[in-house]
Every structure is written in C-alpha cells, then in structure tokens.
Amino acid sequence: MLKPKKVSRALLLGNKKLLDQAVETLHDLNCIHIVDFTEETDFLSIGRPADAASYASNKLIKLRSLSNFLGIKPKYTNNPLNEKSLLNEFDAKLDELDSAVSKLLERRSILENEIKNIEIHIHDLQPLSQFPLNVEMYSGYKSISGRAGYIQGDPVDIETEIKNVTTKYDISFSTYNKTNVITLFSPIKLTDAINEILDKYNFSEIKIPELIGNPEKMLAGFIKRNADIKSELESLEYEISNLQTRYSEFILASDEILSITTQKAEVPLRFATTENTFVIDCWIPDDQFDNVTSVIKDRFNTSIFLTKLDIEKEEIKTEDIPVEYDNPEPVKPLETIMDLYSRPSYKEIDPSTIIFITFPLFYGLMLGDIGYALVLLTLGMIGKAKLRSEGLKPLATLLIYCSISTLIFGILFAEIFGFHLFGHHSVVAELFGEHSALGGMFYNFHALPILERLGKEDIPILLIVTALIGVLHLNMGFLLGFRNEVVSHGIKVAVLEKISWIVLQLGIAIVVMSALGYIPVVGKTVGAVVAVLGLVMLIAGEGGAAILELPSILSNTLSYTRLAAVGLSSVGIAYAVNEIAVGILFPKGGLFILVGILVLLVGHTVNTVLGVVAPGLHALRLQYVEFFTKFYHGGGRKFNPFGYNRKYTEEK
Amino acid sequence: MVDISIADATVEQILANQKGLIAIGAGLAVGLSGIASGIAEKDIGAAAVGAMAEREELFGKGLILTVIPETIVIFGLVVAILLLFL
C-alpha cells in the first residue's frame with residue numbers, strides 16, 4: 001500500500017549448456033523482470049536465439065495470416081486445451097486448415113476475376129443487345145468500317161447528313177437507358193468525313209467486345225453466370241465462417257503456444273553471454289526472492305549462481321527501477337486510473353489507495369442521487385459480470401464503487417431522480433398519499449436530508465463545505481509532496497517547497513478569521529507575519545517565479561466548488577425534467593400523460609449518461625490537476641515479468 | 001404599448017424586474033464562461049487528439065490538459081448559483 005512493491009536487482013550466472021533449462025525455469029516463475037543487455041564489449045556479447053525461434057515464428061506467421069483471413073477474434077474460453085495433445089496434432093491440423101483455406105482462397109480469387117470480366121462484358125453488351133447483329137460482324141472488313149455508339153440528338157438527322165456524303169452506308173438506331181444508340185457501317189475511305197458529322201452529335205463509341213455470337217443471347221448467358229457466381233461466392237463465405245467456428249479454438253490456442261515458444265527462444269537476445277557462460281541481469285520482487293532462490297537451487301543445485309546487487313552501491317537511476325503496484329485487491333481497479341496518468345516512480349508514494357477513497361467520494365458528492373446510484377450500480381454489476389477485457393473490467397468495478405458512494409450521498413441528500421424522498425414534498429407521499437402508512441412515514445421523516453440540494457437555503461453551505469474539502473485535499477497533497485521531497489532531495493528542500501504552502505495558507509486563514517471577528521484583531525498582524533514567513537520560505541525554496549504560482553492556491557481551492565456546481569447542474573436537469581412531466585404534462589391528462597412519461601424516460605436517461613461522464617471527468621480532474629500536481633511526478637517503468645498468462649491452453 | 005415608469009410601478013413589479021435581471025445575469029455568467037471554455041478547449045483538444053494519434057498512452061495527459069479550462073465555466077456556474085440562491 002502507498003508504496004510500490006520492493007524489488008532487488010539480481011544477476012544470474014551459469015554455463016551456456018544450462019541456458020535452455022534456465023529460461024524454462026524463469027518462464028515458469030513468471031516474476032522476474034529482465035534488463036536488456038545492449039552494450040557489447042570484447043568479453044561479453046548478446047546471446048543467440050534458440051533454434052526453435054525460426055521454426056516457431058514461421059509457423060506463427062502462417063497461423064496469423066490464416067487467423068487474419070478467417071477473422072478470428074480473441075474471446076474468453078472456459079476450457080483451455082491441453083498443450084501436449086495440441087502439439088501432437090498441430091502440424092497435421094495446420095496443414096489441413098492451410099489447404100482448406102488456400103483452396104477456398106484460390107476458388108474465391110478465380111470467381112472474383114471471372115465476375116469482374118463478366119461485369120465488363122455485360123456493360124458492353126447491354127447497348128449492343130438492342131441490335132440483332134452478331135458481335136463479330138462489327139469488324140474484320142477490308143473496305144467497310146463498322147461501329148456502334150451513343151449520340152445526342154435525332155438519329156434521322158445524322159442519316160440525312162450522311163446521305164449528303166455517300167449513299168453507301170447502313171445505319172440502324174435504338175435507345176438504351178434513354179440515350180440514342182446507333183450502329184453505322186460506311187466505307188473506310190470516308191471515315192474522316194463521317195467522323196466530322198458524328199462529332200456534331202457527340203458520338204461516343206462503344207467498345208465492341210471480342211466475342212462471337214448474338215449479343216442478346218450472350219447477355220442472357222452472362223447474367224445467368226453472374227448470378228451463379230454470386231451464389232457460389234456466398235456459399236464460399238459460408239464455408240469460411242464454418243472454418244472459423246471449427247478452428248477458432250485451435251488457432252487461438254496454438255497462437256498462444258507458439259507465442260510462448262518464440263518468447264522463450266528469443267529471450268537470449270536480451271542476455272549477455274561469453275564463450276561458455278550466460279549472464280542474466282534482472283529485477284526480482286523481494287517477496288519472491290526466496291522462492292526464486294530455492295527453485296533455482298532445487299533444479300540446478302549450484303551450477304547456476306544467483307546474486308543480489310546492492311542498489312545503492314550500483315548507482316542505479318530511480319527511473320530505471322521497474323515498478324509493480326503493491327495494493328490490496330479492492331484498490332487494484334484504481335491502478336488503471338494511475339496508469340492513465342503515469343505509473344509512480346519507484347521511490348514515490350503510490351496514491352492509488354488515496355484516490356480509492358477520494359475518487360468515489362467526489363463522484364458521489366457530485367451525483368448524490370439514490371435513483372441514479374441504483375441505475376449505475378446495476379450497470380456496473382452487469383459490466384463486471386459480462387466484460388472480460390482486462391482494460392474494461394476495472395472500470396466496471398470502479399463504477400460500482402462510485403455508485404455505492406453516490407447511493408450514500410443520495411440518502412444523505414434524500415434525493416431520488418431529482419425528487420424529494422422525505423418531508424412535505426416526498427415523492428413517496430405524493431404517490432401513496434400522505435395519510436397512507438408508507439406515505440406518512442416518508443412525509444413525517446425530517447432527519448434527512450442533511451443538506452437540501454433541491455432548495456436554495458443550503459446551497460451556500462454546500463459551496464463552503466466543498467471549498468473546505470478542497471483545502472483538506474490540497475494540503476494532503478502538500479504533505480505527500482513533503483514526504484516525496486524528503487526522500488528525493490532532503491528535508492530542507494522539502495520544508496521550503498511544500499511546508500511553505502501550508503504555512504502560507506495558515507497565515508491567510510488567521511487573517512480571514514480575525515477579519516470575520518472569530519479571533520481578536522491582533523490576529524490580523526499575526527496572520528500577516530505567518531503568511532509572509534510562508535512566502536519567504538517558498539521563494540527560498542522555489543525561487544522568485546513562485547510568486548506567479550501564488551494565485552493558484554486560491555483558484556485550486558475554488559476549483560473544488562465544482563463538487564457543488566456539477567452536482568447542482570445534474571439536480572437542475574432532473575428537477576426540470578420532473579417539473580415538465582409531473583408539473584405541466586400530467587395534470588392535462590389523456591395523451592399528455594404518455595408524453596410526460598416519455599419526457600421522464602428520455603430526460604433521465606440523458607441525465608444518467610451525463611451523470612457518468614461529468615462527475616467522472618471532474619472527479620478525475622480534481623485528482624490529476626489539483627491533487628497530483630502537489631506531489632506526484634510519475635514516469636515509473638512497468639514491471640514486466642518474463643512469462644505468459646495462459647488463456648487458451650494449459651500445460652498438463 | 002404598456003408604459004411603466006418606476007414611480008407608477010408596484011413593489012411586486014419592481015421585485016419581479018429585479019428577479020428577471022438576476023436571471024439574465026446568471027444566464028450570462030454561465031453562457032459566456034461556457035463559450036470561453038469552449039474556445040480555450042478547442043485548440044487543446046485538437047492538439048491532444050493529434051498527440052494521441054502519435055502515442056496512444058498520452059490519453060491521460062491529453063485529457064488533463066483538455067479539461068484545465070473547464071474551470072472557467074465552473075466558476076461561471078458557481079457565480080450563477082450564488083446570484084440565484086443568495
């Protein structure tokens with residue numbers, strides 16, 4: 001809690017002959033973070049990957065291209081496959097799948113090519129099918145040129161003009177797609193003169209396909225073939241989806257096994273080796289160190305040597321130490337929020353546990369409504385049960401925390417979907433009548449709300465309370481910053497940079513209190529002296545530029561009034577929706593009741609969505625911008641253990 | 001045309017007038033500060049999305065930078081609340 005897991009730097013040395021076994025052992029342990037060896041010397045060189053590497057990565061490439069073709073997506077499985085039996089049939093099954101897929105692929109590409117050609121033919125033949133002439137008749141003459149094409153204008157006019165040039169011609173016309181089409185046969189030597197005439201009518205020539213036969217019949221044939229191919233392509237797609245369901249488990253499982261094999265085979269590239277030995281530079285969590293030592297001793301006796309390095313003596317930079325969170329289970333979802341900003345560095349406070357409390361607290365304070373809390377709780381529960389993704393599950397858990405806090409504040413504020421729960425305006429009393437047993441109970445209960453957000457009177461108190469929460473939160477940040485500075489730069493810097501802010505605030509507080517008459521007038525002078533002392537400390541610690549930072553103490557504190565403001569805007573929307581539906585529409589009766597119900601549903605759905613987004617973002621922002629800037633640096637490197645979390649396979 | 005001079009106005013009319021002006025003031029406080037936030041956030045948001053396209057892990061930092069000017073509208077909202085409820 002509050003600090004990352006303690007880790008130690010260690011070196012593993014051994015004979016190269018034992019390398020494979022050592023890799024196997026470390027992979028099983030799944031708890032050491034390997035430091036890449038990069039600087040080669042005369043004596044030490046980078047290790048060579050194991051022979052299995054190229055085999056496994058070849059197969060992996062093949063498998064992934066198949067998986068890509070079949071569109072296999074990662075999914076959750078309850079019964080992992082046995083690694084040994086999978087490996088036994090792996091080659092045969094992969095070949096079988098490969099040949100099935102390549103057959104399908106080949107057939108598909110042939111069909112797709114054919115359909116492309118057919119579509120071109122259909123396009124060309126459609127206008128020609130208006131004429132009875134066989135396609136091959138359009139060309140192949142010595143002295144006659146034949147052509148077909150679209151024209152704009154009246155074909156009869158063209159014929160008249162051609163008649164003026166020659167009498168040796170043959171023209172026929174028709175229409176296709178509301179455009180005039182003509183075929184024209186004329187002597188080759190008059191081509192130029194005829195072209196001139198045709199140009200006047202914007203003649204656009206149709207390419208005559210190199211086919212033999214009657215265009216209409218051929219067109220019918222092509223259209224039928226086109227339909228046949230389309231249905232065959234559909235059946236191919238069906239076969240592909242069959243393959244997908246049949247092989248998806250196999251593909252996912254063997255992808256996993258091959259990935260593990262490659263991971264193990266390629267890891268020597270991260271080790272240093274001499275002619276006969278290997279050296280592994282790594283980090284091991286302290287709570288695992290004894291376990292690692294005993295496992296290595298069991299399996300290798302003394303042939304592999306494990307030694308712990310002294311971090312202080314080795315002068316290792318803090319940012320090079322890998323960071324693994326060390327939080328109790330309930331706090332783990334908050335680590336996502338931390339990673340979103342930046343992982344803490346090794347010597348820093350890990351604030352996950354603090355935001356575990358403050359994040360839901362702020363969220364609940366803002367939303368604070370029993371109705372919305374129950375909706376969000378349900379959503380969170382469903383999300384937690386249904387979501388399998390590593391990234392989304394923590395968010396569902398977080399939503400549950402937030403909705404519980406919202407529920408508590410909802411009870412304290414006595415609000416349900418923007419209605420009063422208790423008192424003279426109690427929604428229960430309205431529904432059941434104030435004289436009924438249940439309604440009366442709610443009608444006559446006055447202990448809650450502790451703060452009334454649906455009326456005006458308590459709003460100033462709410463604003464002051466939220467600003468005070470801000471003061472507490474900010475000063476907690478300064479104290480954490482003090483601790484971090486003590487560790488990294490010593491106590492003097494820590495006092496000057498962080499405690500100075502607290503002294504400054506104390507001074508301002510004394511001045512304000514005496515101005516308001518809570519303490520004697522002399523307090524003003526005392527307060528001013530204290531504030532100036534704080535300022536001097538601050539300038540000594542952070543330099544003159546710190547003066548520019550001074551207003552931030554005010555703006556940061558006021559920023560916490562958003563806890564009240566965002567909440568009130570959500571209450572405002574709910575109140576407006578209720579007022580429109582219950583106050584205006586329901587009394588009119590008839591159809592208006594339906595409209596009113598619709599307004600209630602839509603309004604509260606929109607407000608629920610806003611209720612997740614707005615308080616979520618603002619609660620997050622208060623952590624990131626106001627709180628973290630007081631102490632947090634981040635930039636820690638992720639502790640990335642050498643190993644694999646199997647999902648689709650099991651070893652035994 | 002209705003001509004109301006202050007001298008002829010009843011106390012109720014004057015109070016209603018004041019209420020209206022307060023409401024207009026509150027509306028201006030939220031509306032104008034909202035526009036200001038929007039103008040400030042549009043550039044930051046665009047840049048943040050650009051940065052995220054290059055490096056996805058910048059989402060957290062991008063989000064923080066984008067919501068910093070959100071404070072402006074929150075102050076507007078607080079001022080409006082103070083106007084309406086105090």
# chains A, B, ... in the order shown; residues from 1 in each chain; ligands from 1

call {"tool": "residues_around", "arguments": {"residues": "stretch 19-28 of chain B", "least_positions_apart": "2", "cutoff": "9 Å", "atoms": "only C-alpha atoms", "output": "ChimeraX atom specification"}}
result
/B:14-17,30-33,76-77,79-84

call {"tool": "write_last_selection", "arguments": {"atoms": "N, CA and C atoms", "output": "PDB file, in the first residue's frame"}}
result
ATOM      1  N   ILE B  14     -41.483  45.757  -9.236  1.00  0.00           N
ATOM      2  CA  ILE B  14     -40.049  46.039  -9.115  1.00  0.00           C
ATOM      3  C   ILE B  14     -39.288  44.775  -8.738  1.00  0.00           C
ATOM      4  N   LEU B  15     -39.870  44.015  -7.782  1.00  0.00           N
ATOM      5  CA  LEU B  15     -39.201  42.787  -7.352  1.00  0.00           C
ATOM      6  C   LEU B  15     -39.082  41.794  -8.512  1.00  0.00           C
ATOM      7  N   ALA B  16     -40.181  41.709  -9.284  1.00  0.00           N
ATOM      8  CA  ALA B  16     -40.167  40.775 -10.419  1.00  0.00           C
ATOM      9  C   ALA B  16     -39.108  41.191 -11.433  1.00  0.00           C
ATOM     10  N   ASN B  17     -39.014  42.515 -11.632  1.00  0.00           N
ATOM     11  CA  ASN B  17     -37.987  43.040 -12.528  1.00  0.00           C
ATOM     12  C   ASN B  17     -36.592  42.658 -12.079  1.00  0.00           C
ATOM     13  N   VAL B  30     -23.067  31.894 -16.937  1.00  0.00           N
ATOM     14  CA  VAL B  30     -22.832  30.521 -17.407  1.00  0.00           C
ATOM     15  C   VAL B  30     -22.528  30.508 -18.899  1.00  0.00           C
ATOM     16  N   GLY B  31     -23.352  31.255 -19.656  1.00  0.00           N
ATOM     17  CA  GLY B  31     -23.228  31.203 -21.112  1.00  0.00           C
ATOM     18  C   GLY B  31     -21.889  31.720 -21.594  1.00  0.00           C
ATOM     19  N   LEU B  32     -21.504  32.902 -21.143  1.00  0.00           N
ATOM     20  CA  LEU B  32     -20.252  33.495 -21.635  1.00  0.00           C
ATOM     21  C   LEU B  32     -19.045  32.684 -21.178  1.00  0.00           C
ATOM     22  N   SER B  33     -19.073  32.236 -19.901  1.00  0.00           N
ATOM     23  CA  SER B  33     -17.915  31.462 -19.448  1.00  0.00           C
ATOM     24  C   SER B  33     -17.877  30.113 -20.174  1.00  0.00           C
ATOM     25  N   GLY B  76     -18.105  30.176 -13.660  1.00  0.00           N
ATOM     26  CA  GLY B  76     -19.321  30.826 -14.150  1.00  0.00           C
ATOM     27  C   GLY B  76     -20.554  30.233 -13.495  1.00  0.00           C
ATOM     28  N   LEU B  77     -20.539  28.898 -13.400  1.00  0.00           N
ATOM     29  CA  LEU B  77     -21.672  28.186 -12.806  1.00  0.00           C
ATOM     30  C   LEU B  77     -21.812  28.549 -11.330  1.00  0.00           C
ATOM     31  N   VAL B  79     -20.779  31.301  -9.885  1.00  0.00           N
ATOM     32  CA  VAL B  79     -21.274  32.683  -9.800  1.00  0.00           C
ATOM     33  C   VAL B  79     -22.781  32.711 -10.044  1.00  0.00           C
ATOM     34  N   ALA B  80     -23.240  31.935 -11.039  1.00  0.00           N
ATOM     35  CA  ALA B  80     -24.669  31.898 -11.341  1.00  0.00           C
ATOM     36  C   ALA B  80     -25.443  31.361 -10.144  1.00  0.00           C
ATOM     37  N   ILE B  81     -24.905  30.312  -9.529  1.00  0.00           N
ATOM     38  CA  ILE B  81     -25.583  29.732  -8.361  1.00  0.00           C
ATOM     39  C   ILE B  81     -25.657  30.757  -7.227  1.00  0.00           C
ATOM     40  N   LEU B  82     -24.534  31.454  -7.013  1.00  0.00           N
ATOM     41  CA  LEU B  82     -24.531  32.477  -5.966  1.00  0.00           C
ATOM     42  C   LEU B  82     -25.564  33.559  -6.271  1.00  0.00           C
ATOM     43  N   LEU B  83     -25.645  33.972  -7.536  1.00  0.00           N
ATOM     44  CA  LEU B  83     -26.613  35.003  -7.930  1.00  0.00           C
ATOM     45  C   LEU B  83     -28.040  34.541  -7.664  1.00  0.00           C
ATOM     46  N   LEU B  84     -28.322  33.305  -8.019  1.00  0.00           N
ATOM     47  CA  LEU B  84     -29.696  32.818  -7.947  1.00  0.00           C
ATOM     48  C   LEU B  84     -30.110  32.483  -6.522  1.00  0.00           C
TER      49      LEU B  84
END

call {"tool": "closest_atom_pairs", "arguments": {"of": "chain B", "to": "chain A", "cutoff": "6 Å", "atoms": "only C-alpha atoms", "output": "Markdown table"}}
result
| residue | atom | partner | partner_atom | distance |
| --- | --- | --- | --- | --- |
| B:Gly60 | CA | A:Leu340 | CA | 4.7 |
| B:Ile74 | CA | A:Arg562 | CA | 6.0 |
| B:Val78 | CA | A:Ala565 | CA | 6.0 |
| B:Phe85 | CA | A:Lys456 | CA | 5.3 |

call {"tool": "write_last_selection", "arguments": {"atoms": "N, CA, C and O atoms", "output": "compact mmCIF listing (two decimals), in the first residue's frame"}}
result
# COMPACT_ATOMS: atom_id res chain seq x y z
N GLY B 60 -4.12 10.09 -20.99
CA GLY B 60 -4.29 10.68 -19.66
C GLY B 60 -3.87 12.13 -19.63
O GLY B 60 -4.62 13.01 -19.19
N ILE B 74 -16.90 26.37 -14.73
CA ILE B 74 -17.33 26.01 -13.37
C ILE B 74 -17.44 27.27 -12.52
O ILE B 74 -18.41 27.46 -11.78
N VAL B 78 -20.67 28.61 -10.63
CA VAL B 78 -20.70 28.96 -9.21
C VAL B 78 -21.25 30.37 -9.04
O VAL B 78 -22.11 30.62 -8.17
N PHE B 85 -29.17 31.97 -5.73
CA PHE B 85 -29.58 31.43 -4.44
C PHE B 85 -29.23 32.30 -3.25
O PHE B 85 -29.63 32.02 -2.15

call {"tool": "residues_around", "arguments": {"residues": "A:Val571", "least_positions_apart": "5", "cutoff": "10 Å", "atoms": "only C-alpha atoms", "output": "list in words"}}
result
Met366, Leu367, Gly368, Asp369, Glu415, Ile416, Phe417, Gly418, Phe419, Arg453, Leu454, Ala565, Val566, Ala576, Val577, Asn607 and Gly611 of chain A

call {"tool": "select_by_dssp", "arguments": {"residues": "stretch 336-490 of chain A", "states": "alpha helix (DSSP H)", "output": "number ranges by chain"}}
result
A: 336-341, 352-367, 370-386, 393-413, 427-432, 437-443, 459-489

call {"tool": "closest_residue", "arguments": {"among": "A:Gly149, A:Pro268, A:Gly213, A:Pro360", "to": "A:Leu184", "atoms": "only C-alpha atoms"}}
result
A:Gly149

call {"tool": "atom_distance", "arguments": {"atom1": "atom CA of B:Leu65", "atom2": "atom CA of A:Gly470"}}
result
20.1 Å
